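**Q** Sharing a structure below in structure tokens format, with a few things to ask.
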Amino acid sequence: MSEKQLLNVTAGSTLGNIEIAPEVIEVIAGIAVSEVAGVASMRGNFASGVVERLGKKNHGKGVKVELTENGILIDAYVVMDYGISIPDTAQKIQDNTRQALKNMTALEINEINVHIVGIQMEMKEEENEFEQEM
């Protein structure tokens, strides 16, 4: 069985070690990405979709964290709203994610890759109007 990977962020502390699990970075990054205007949703897998429908929110959904020799790499898989500027929104995702992780963990991130996996049309409003008519 493999040993769980942790990031040691102790910077000269005499009180003990501080270790951050990659899952914590996924959650922080997932929330930071979701906060950006123009992001409709994050891509997850079938299991996370079922769990979300049952009421449990998975904040790390759509974010993959890799710990490499070169540093920390983050991949965010997002669905964007129709009509927004994808390059501008992707830049805001990178900036917001980097800032949130720096403020909360003091970690420097080497790469934040944004993968646009879909476009969300304005279906929610149309669905609500249709349901109200019935």
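Chain labels follow the order of the structure tokens: the first chain is A, the next B, and so on; residue numbering restarts at 1 in every chain, and ligands are counted from 1 in their shown order.
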Quick one: everything within 6 Å of stretch 107-120 of chain A, counting only C-alpha atoms, minus sequence neighbours fewer than 2 positions away in the same chain. Send it as an NGL selection string.
**A** :A and (71-82 or 94 or 102 or 105)
**Q** Find the spatial neighbours of A:Val36, counting only C-alpha atoms, within a cut-off of 9 Å - ignore same-chain residues fewer than 5 positions away - and output them as an mmCIF file with all heavy atoms, in the first residue's frame.
**A**
data_model
loop_
_atom_site.group_PDB
_atom_site.id
_atom_site.type_symbol
_atom_site.label_atom_id
_atom_site.label_comp_id
_atom_site.auth_asym_id
_atom_site.auth_seq_id
_atom_site.Cartn_x
_atom_site.Cartn_y
_atom_site.Cartn_z
ATOM 1 N N THR A 89 -11.420 34.983 -18.627
ATOM 2 C CA THR A 89 -11.923 34.193 -17.500
ATOM 3 C C THR A 89 -10.885 33.180 -17.043
ATOM 4 O O THR A 89 -10.697 32.976 -15.846
ATOM 5 C CB THR A 89 -13.244 33.502 -17.878
ATOM 6 O OG1 THR A 89 -14.166 34.498 -18.337
ATOM 7 C CG2 THR A 89 -13.850 32.781 -16.683
ATOM 8 N N LYS A 92 -8.399 34.954 -14.962
ATOM 9 C CA LYS A 92 -8.952 35.237 -13.635
ATOM 10 C C LYS A 92 -8.956 33.982 -12.767
ATOM 11 O O LYS A 92 -8.711 34.051 -11.560
ATOM 12 C CB LYS A 92 -10.373 35.797 -13.760
ATOM 13 C CG LYS A 92 -10.411 37.205 -14.294
ATOM 14 C CD LYS A 92 -11.840 37.673 -14.502
ATOM 15 C CE LYS A 92 -11.850 39.013 -15.219
ATOM 16 N NZ LYS A 92 -13.201 39.396 -15.648
ATOM 17 N N ILE A 93 -9.218 32.830 -13.387
ATOM 18 C CA ILE A 93 -9.184 31.552 -12.656
ATOM 19 C C ILE A 93 -7.775 31.316 -12.119
ATOM 20 O O ILE A 93 -7.588 30.971 -10.955
ATOM 21 C CB ILE A 93 -9.630 30.384 -13.559
ATOM 22 C CG1 ILE A 93 -11.137 30.468 -13.810
ATOM 23 C CG2 ILE A 93 -9.249 29.039 -12.954
ATOM 24 C CD1 ILE A 93 -11.637 29.510 -14.881
ATOM 25 N N ASN A 96 -6.987 33.976 -9.305
ATOM 26 C CA ASN A 96 -7.757 33.738 -8.075
ATOM 27 C C ASN A 96 -7.258 32.485 -7.348
ATOM 28 O O ASN A 96 -7.128 32.478 -6.127
ATOM 29 C CB ASN A 96 -9.252 33.621 -8.404
ATOM 30 C CG ASN A 96 -10.118 33.857 -7.198
ATOM 31 O OD1 ASN A 96 -9.843 34.721 -6.376
ATOM 32 N ND2 ASN A 96 -11.189 33.091 -7.079
#
**Q** Provide the atom CA of A:Asn8 to atom CA of A:Val33 distance in Å, to one decimal place.
**A** 24.2 Å
**Q** Rank A:Ala90, A:Ile84, A:Ile25, A:Val39 by their smallest atom-to-atom distance to A:Val63, using only C-alpha atoms, and report the top residue only.
**A**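 Among the listed residues, A:Ile25 lies closest to A:Val63.
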**Q** To one decimal place, how far is atom CA of A:Ser85 from atom CA of A:Ala32 in Å?
**A**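 Calculated distance between atom CA of A:Ser85 and atom CA of A:Ala32 is 18.4 Å.
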**Q** What does the distance between atom CA of A:Lys61 and atom CA of A:Glu23 come to in Å, to one decimal place?
**A** 10.4 Å
